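*Asks:* Structure incoming, see below.
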Amino acid sequence: MRTDPLLEVRGLKKHFPVRRGFFSTRAHVAAVDGVDFVLDAGETLSIVGESGCGKSTVGRLVLRLVDPTEGEVLLRGRRIDGLRPAALRPLRRDMQIIFQDPFSSLDPRLTVRDILAEPIVNFGLASGRREIDDRVADLLAKVRLPADTMRRLPHEFSGGQRQRIGIARALAPGASLIICDEAVSALDVSVKAQIINLLSDLKDELGLALLFISHDLAVVEHLTDRVAVMYLGRIVEVGSRDTIFDAPRHPYTQALLSAVPMPDPNAKRQRIILKGEIPSALDPPKGCGFHTRCPFAFDRCRTEEPNLRRTETHGHLVACHLEEVSAPPRSSASDLAC
Amino acid sequence: MTLLDVQNLKTEFWTPEGAIRAVDRLSFVVCPGETVALLGESGCGKSVTALSILRLLKEPPARISGAVRFEGRDLLSLRKRELRAIRGNEISMIFQEPMTSLNPVLSIGRQIGETVRLHESVSRTEARDRAAEMLVMVGVPDPVRRLRQFPHQLSGGMRQRVMIAIALACRPKLLIADEPTTSLDMTIQAQVLDLIRDLKQRLGSAVVLITHDFGVVAEMADRVVVMYAGRKVEEGPVSTIFSRPRHPYTRALLQAVPRLGATARRNRQRRLPEIPGVVPSLLGTIDGCAFADRCALATDVCRELAPAVETASNGQAFACHHAEKIVMQ
């Protein structure tokens with residue numbers, strides 16, 4: 001029998017109500033509009049996309065920091081989307097989050113010891129000063145911070161060190177799923193490499209599954225197993241790392257990859273410059289959300305929304321009408337590499 | 001002929017704890033039509049350099065010394081009035097965050113027109129026409145309607161285009177762009193970089209591009225100045241800096257950047273090479289090389305004596321006691 005995946009998401013939707021205009025007409029923003037994916041234990045799935053595509057909302061929905069409008073979230077095969085707060089609480093031990101901004105996500109008045117002791121005490125993982133201190137020291141060692149860090153306050157640390165504290169806090173309850181919401185985006189290059197390495201070490205040591213939400217494709221390529229590309233609240237393409245980076249099939253994925261500036265002045269490649277901007281989620285276009293910017297759009301794209309469908313590659317799904325028409329436009333690996 | 005000649009620029013901020021050396025004896029030149037990138041991590045002094053050139057810092061607490069010659073005139077010794085005639089006219093600047101650098105209560109048309117009317121004697125309607133013309137030039141569709149709109153009605157990418165329109169309204173000889181695409185989405189960043197490159201070619205302006213992004217530097221710059229802790233550690237033509245960096249910091253930084261692409265993935269070790277430690281405090285003085293604490297090649301001399309900037313025959317300059325060893329590696 002097939003075992004349940006660590007995390008499964010089915011038809012997940014989140015519509016935020018908004019009022020707009022002079023008469024405050026009720027409307028809604030479809031931040032997440034029908035998302036499905038599976039994440040196995042120990043695996044890293046990255047959700048990539050530009051601002052407003054709904055990637056952060058997906059992370060929050062999984063943790064139930066916001067309640068879904070529709071759809072199911074299953075943790076180890078058990079539905080958690082409808083659970084009452086009291087029933088949900090113990091499950092949060094298993095899933096934790098690391099935020100983007102290490103300056104605003106740590107309480108400035110708590111010492112590092114107290115920040116890390118909080119989840120330990122809340123989940124009743126240790127009692128007594130001694131035992132808690134031991135646990136905290138253990139966590140600090142895991143994120144490669146010296147033990148004397150404990151008595152200090154967040155403002156005494158640099159951005160990279162604070163992010164280590166944030167990671168230690170996520171590890172404190174012994175979670176098996178960690179959601180990294182742009183966890184390295186705010187860091188400088190030299191520090192970013194340290195934190196990326198730390199995350200992949202911890203993943204190997206502790207067998208963590210990561211839901212890595214990011215807009216930085218080079219970072220994603222470095223540490224992910226699989227990638228889901230989001231646009232206007234939907235997944236437009238999902239597949240293994242090599243498939244997405246070497247042979248992307250959705251025109252949006254191709255454009256996104258070609259838009260990344262390469263750190264090599266001699267790199268020659270064809271850049272696909274998309275016209276126009278990301279449409280507002282308040283007023284999404286009919287049909288395929290991407291048709292307003294897609295260089296290959298045809299009539300059907302303007303009326304009918306494409307569904308994710310399998311390609312010949314295992315685990316690779318694409319939501320594009322071109323898949324059915326003819327040989328899809330491909331940008332091969334040689335275009336993207338130097 | 002050089003357009004901008006920065007010599008021994010030193011910018012300090014006075015605080016109760018002591019002086020913070022944000023920029024420490026920095027020298028570089030910009031030729032007409034050239035794009036020079038100031039590259040470095042946060043706190044390296046690249047933005048303060050830009051603000052010092054245009055004297056946009058409050059003095060005190062800032063104290064600026066050295067020389068900044070623009071077409072032979074020293075900007076640091078000009079009067080306020082003389083300086084205002086240059087700012088926005090011959091030298092203009094685009095900032096990182098277009099939302100906070102546009103005035104929220106003035107229409108787009110007013111803000112572009114203001115620059116033109118400040119520096120040229122044109123009527124209100126002429127200024128408005130120029131503004132519309134500029135919007136077309138920076139690729140804003142439906143310019144007549146946009147002129148009446150306010151910043152909050154525009155998207156991030158559109159706002160940055162408006163900023164560029166304001167900066168270029170008087171066809172400056174030098175454009176200083178401080179992280180112009182950092183807050184933009186990837187596909188919008190590609191559009192804006194394309195636009196800056198295209199406009200630069202059409203107007204022949206020189207650009208000082210301030211960024212932390214190696215990708216942006218590789219695509220835009222002719223020459224690169226790498227900064228660390230307020231000092232220039234290396235300078236050279238863009239291809240040399242990327243293919244044969246001489247300073248250990250530049251080398252380490254280049255290796256630490258995650259790269260996109262199949263080739264990079266195949267050749268890559270599982271771990272990214274890290275630079276250990278953190279940037280030194282800018283409070284007080286650093287006697288030796290600012291990078292010594294994090295450098296694998298550092299010896300006693302590095303901790304005691306700050307290396308001078310040497311220039312090699314190929315135009316590459318670097319400040320390192322052990323640059324010879326790096327060539328051999």
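Ordering of the structure tokens sets the chain letters (A, B, ...); residue numbers start at 1 within each chain; ligands are numbered from 1 in the order shown.
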Excluding Gly77 in chain A and residues on its chain fewer than 4 positions from it, collect all residues at most 12 Å away from it, counting only C-alpha atoms, and give them as a list in words.
*Replies:*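 In the requested form, the answer reads Arg2, Thr3, Asp4, Pro5, Leu6, Leu7, Glu8, Val9, Arg10, Val38, Leu39, Asp40, Glu72, Val73 and Asp81 of chain A.
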*Asks:* Using only C-alpha atoms, I'd like a table of the residues in chain B that come within 8 Å of chain A; for each, show the closest atom pair and its distance in Å rounded to one decimal, ordered by chain and ascending number, as a Markdown table.
*Replies:*
```
| residue | atom | partner | partner_atom | distance |
| --- | --- | --- | --- | --- |
| B:Glu41 | CA | A:Asp188 | CA | 5.9 |
| B:Ser42 | CA | A:Asp188 | CA | 6.8 |
| B:Gly157 | CA | A:Glu277 | CA | 8.0 |
| B:Asp185 | CA | A:Glu50 | CA | 5.8 |
| B:Met186 | CA | A:Ala259 | CA | 6.1 |
| B:Thr187 | CA | A:Ala259 | CA | 5.6 |
| B:Ile188 | CA | A:Glu277 | CA | 7.3 |
| B:Gln189 | CA | A:Ala259 | CA | 7.8 |
| B:Ala190 | CA | A:Ala259 | CA | 5.5 |
| B:Gln191 | CA | A:Ile273 | CA | 6.5 |
| B:His212 | CA | A:Val189 | CA | 8.0 |
| B:Phe214 | CA | A:Pro263 | CA | 5.0 |
| B:Gly215 | CA | A:Pro263 | CA | 3.9 |
| B:Val216 | CA | A:Pro261 | CA | 5.7 |
| B:Val217 | CA | A:Pro263 | CA | 7.4 |
| B:Ala218 | CA | A:Pro265 | CA | 4.3 |
| B:Glu219 | CA | A:Pro265 | CA | 6.0 |
| B:Val238 | CA | A:Pro265 | CA | 6.9 |
| B:Ser239 | CA | A:Pro265 | CA | 5.9 |
| B:Phe242 | CA | A:Asp264 | CA | 6.6 |
| B:Leu253 | CA | A:Ser190 | CA | 6.2 |
| B:Ala256 | CA | A:Ala193 | CA | 5.7 |
| B:Val257 | CA | A:Val189 | CA | 6.3 |
| B:Pro258 | CA | A:Ala218 | CA | 5.4 |
| B:Arg259 | CA | A:Ala218 | CA | 5.2 |
| B:Leu260 | CA | A:Ala218 | CA | 4.7 |
| B:Gly261 | CA | A:Ala337 | CA | 4.4 |
| B:Ala262 | CA | A:Ala337 | CA | 5.9 |
| B:Thr263 | CA | A:Ala337 | CA | 6.2 |
| B:Ala264 | CA | A:Ala337 | CA | 7.7 |
| B:Arg265 | CA | A:His222 | CA | 7.5 |
| B:Arg271 | CA | A:Asn197 | CA | 5.9 |
| B:Leu272 | CA | A:Ala193 | CA | 5.9 |
| B:Pro273 | CA | A:Ala193 | CA | 7.0 |
| B:Glu274 | CA | A:Ala193 | CA | 5.6 |
| B:Ile275 | CA | A:Ser190 | CA | 5.5 |
| B:Pro276 | CA | A:Gln194 | CA | 7.9 |
| B:Val278 | CA | A:Val191 | CA | 7.8 |
```
*Asks:* Any idea what's packed within 9 Å of range 304-309 of chain B, counting only C-alpha atoms, ignoring anything in its chain fewer than 4 positions away? Could you give it as a PDB file with C-alpha atoms, in the first residue's frame?
*Replies:*
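Done, and the output landed in out.pdb:
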```
ATOM      1  CA  LYS B 232      37.565  50.234  -3.137  1.00  0.00           C
ATOM      2  CA  VAL B 233      39.081  46.767  -3.176  1.00  0.00           C
ATOM      3  CA  GLU B 234      39.137  46.186  -6.918  1.00  0.00           C
ATOM      4  CA  ILE B 286      40.648  49.633  10.719  1.00  0.00           C
ATOM      5  CA  ASP B 287      44.438  49.677  10.522  1.00  0.00           C
ATOM      6  CA  GLY B 288      44.953  46.864   8.085  1.00  0.00           C
ATOM      7  CA  CYS B 289      42.969  45.480   5.189  1.00  0.00           C
ATOM      8  CA  ALA B 290      39.226  45.616   5.954  1.00  0.00           C
ATOM      9  CA  ASP B 300      50.207  39.581   9.689  1.00  0.00           C
ATOM     10  CA  ALA B 317      43.340  47.883 -10.022  1.00  0.00           C
ATOM     11  CA  PHE B 318      43.288  46.070  -6.697  1.00  0.00           C
ATOM     12  CA  ALA B 319      44.152  46.640  -3.069  1.00  0.00           C
ATOM     13  CA  CYS B 320      45.680  43.417  -1.771  1.00  0.00           C
ATOM     14  CA  HIS B 321      49.047  42.437  -0.328  1.00  0.00           C
TER      15      HIS B 321
END
```
*Asks:* So what do you get for CA of Gly174 in chain A versus CA of Gly59 in chain A, distance-wise?
*Replies:*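 Distance reported for this atom pair: 18.7 Å.
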*Asks:* I'd like the contact shell of Val227 in chain A - 7 Å cut-off, only C-alpha atoms, skipping same-chain residues fewer than 3 positions apart - returned as a PyMOL selection string.
*Replies:* chain A and resi 45-47+238-241+244
*Asks:* Got a sec: who's within 12 Å of Leu88 in chain A, counting only C-alpha atoms, leaving out chain neighbours fewer than 3 positions off, as a ChimeraX atom specification?
*Replies:* /A:62-65,75,78-85,91-95
*Asks:* Taking the DSSP assignment computed from this structure's backbone, write out as a PyMOL selection string all residues of range 154-292 of chain A that belong to strand (DSSP E or B).
*Replies:* chain A and resi 177-181+209-214+226-231+234-240
*Asks:* DSSP on the backbone: what in range 150-256 of chain A comes out alpha helix (DSSP H), as a PDB file with C-alpha atoms, in the first residue's frame?
*Replies:*
```pdb
ATOM      1  CA  GLY A 159      20.904  39.840   9.430  1.00  0.00           C
ATOM      2  CA  GLY A 160      22.447  36.442   8.778  1.00  0.00           C
ATOM      3  CA  GLN A 161      22.771  35.625  12.465  1.00  0.00           C
ATOM      4  CA  ARG A 162      19.178  36.641  13.083  1.00  0.00           C
ATOM      5  CA  GLN A 163      18.064  34.375  10.297  1.00  0.00           C
ATOM      6  CA  ARG A 164      19.938  31.558  12.056  1.00  0.00           C
ATOM      7  CA  ILE A 165      17.944  32.329  15.202  1.00  0.00           C
ATOM      8  CA  GLY A 166      14.757  32.217  13.122  1.00  0.00           C
ATOM      9  CA  ILE A 167      15.782  28.810  11.790  1.00  0.00           C
ATOM     10  CA  ALA A 168      16.578  27.562  15.296  1.00  0.00           C
ATOM     11  CA  ARG A 169      13.120  28.656  16.420  1.00  0.00           C
ATOM     12  CA  ALA A 170      11.529  26.707  13.573  1.00  0.00           C
ATOM     13  CA  LEU A 171      13.568  23.635  14.527  1.00  0.00           C
ATOM     14  CA  VAL A 189      25.444  37.501  -1.103  1.00  0.00           C
ATOM     15  CA  SER A 190      28.177  36.319   1.258  1.00  0.00           C
ATOM     16  CA  VAL A 191      25.699  35.608   4.057  1.00  0.00           C
ATOM     17  CA  LYS A 192      23.113  34.119   1.718  1.00  0.00           C
ATOM     18  CA  ALA A 193      25.537  31.335   0.789  1.00  0.00           C
ATOM     19  CA  GLN A 194      26.026  30.533   4.499  1.00  0.00           C
ATOM     20  CA  ILE A 195      22.295  30.245   5.129  1.00  0.00           C
ATOM     21  CA  ILE A 196      21.627  28.202   1.970  1.00  0.00           C
ATOM     22  CA  ASN A 197      24.341  25.768   3.045  1.00  0.00           C
ATOM     23  CA  LEU A 198      22.933  25.625   6.567  1.00  0.00           C
ATOM     24  CA  LEU A 199      19.459  24.831   5.254  1.00  0.00           C
ATOM     25  CA  SER A 200      20.706  22.012   3.045  1.00  0.00           C
ATOM     26  CA  ASP A 201      22.840  20.599   5.881  1.00  0.00           C
ATOM     27  CA  LEU A 202      19.886  20.630   8.272  1.00  0.00           C
ATOM     28  CA  LYS A 203      17.689  19.065   5.648  1.00  0.00           C
ATOM     29  CA  ASP A 204      20.123  16.157   5.332  1.00  0.00           C
ATOM     30  CA  GLU A 205      20.827  15.825   9.066  1.00  0.00           C
ATOM     31  CA  LEU A 206      17.230  15.987  10.242  1.00  0.00           C
ATOM     32  CA  LEU A 217      15.451  31.125  -9.243  1.00  0.00           C
ATOM     33  CA  ALA A 218      19.193  30.624  -8.857  1.00  0.00           C
ATOM     34  CA  VAL A 219      18.783  29.869  -5.143  1.00  0.00           C
ATOM     35  CA  VAL A 220      15.862  27.567  -5.886  1.00  0.00           C
ATOM     36  CA  GLU A 221      17.847  25.660  -8.482  1.00  0.00           C
ATOM     37  CA  HIS A 222      20.620  25.181  -5.966  1.00  0.00           C
ATOM     38  CA  LEU A 223      18.628  23.499  -3.236  1.00  0.00           C
ATOM     39  CA  ARG A 241      14.347  20.537 -10.868  1.00  0.00           C
ATOM     40  CA  ASP A 242      16.058  19.309 -13.992  1.00  0.00           C
ATOM     41  CA  THR A 243      12.855  19.371 -16.026  1.00  0.00           C
ATOM     42  CA  ILE A 244      11.905  22.888 -15.017  1.00  0.00           C
ATOM     43  CA  PHE A 245      15.364  24.384 -15.420  1.00  0.00           C
ATOM     44  CA  ASP A 246      16.499  22.443 -18.492  1.00  0.00           C
ATOM     45  CA  PRO A 251       5.848  30.144 -21.883  1.00  0.00           C
ATOM     46  CA  TYR A 252       5.773  31.917 -18.522  1.00  0.00           C
ATOM     47  CA  THR A 253       8.388  29.616 -16.993  1.00  0.00           C
ATOM     48  CA  GLN A 254      10.551  30.148 -20.062  1.00  0.00           C
ATOM     49  CA  ALA A 255      10.253  33.931 -19.807  1.00  0.00           C
ATOM     50  CA  LEU A 256      10.888  33.914 -16.057  1.00  0.00           C
TER      51      LEU A 256
END
```
*Asks:* Which polymer residues have any atom within 8 Å of an atom of Gly315 in chain B, counting only C-alpha atoms, with same-chain residues fewer than 4 positions away left out, as an mmCIF file with N, CA and C atoms, in the first residue's frame?
*Replies:*
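After the write, out-v2.cif holds the following:
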```
data_model
loop_
_atom_site.group_PDB
_atom_site.id
_atom_site.type_symbol
_atom_site.label_atom_id
_atom_site.label_comp_id
_atom_site.auth_asym_id
_atom_site.auth_seq_id
_atom_site.Cartn_x
_atom_site.Cartn_y
_atom_site.Cartn_z
ATOM 1 N N GLY B 236 38.011 47.324 -12.485
ATOM 2 C CA GLY B 236 38.483 46.894 -13.794
ATOM 3 C C GLY B 236 37.352 46.767 -14.790
ATOM 4 N N PRO B 237 37.716 46.456 -16.056
ATOM 5 C CA PRO B 237 36.686 46.228 -17.065
ATOM 6 C C PRO B 237 35.828 45.035 -16.662
ATOM 7 N N THR B 311 47.713 49.425 -9.758
ATOM 8 C CA THR B 311 47.091 49.266 -11.065
ATOM 9 C C THR B 311 47.973 48.416 -11.968
#
```
*Asks:* Could you tell me how far CA of Leu140 in chain A sits from CA of Gly124 in chain A, in Å to one decimal place?
*Replies:*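 It comes out at 19.2 Å.
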*Asks:* Please compute the CA of Thr313 in chain A-CA of His250 in chain A distance, one decimal, in Å.
*Replies:*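 We find that CA of Thr313 in chain A and CA of His250 in chain A lie 13.9 Å from each other.
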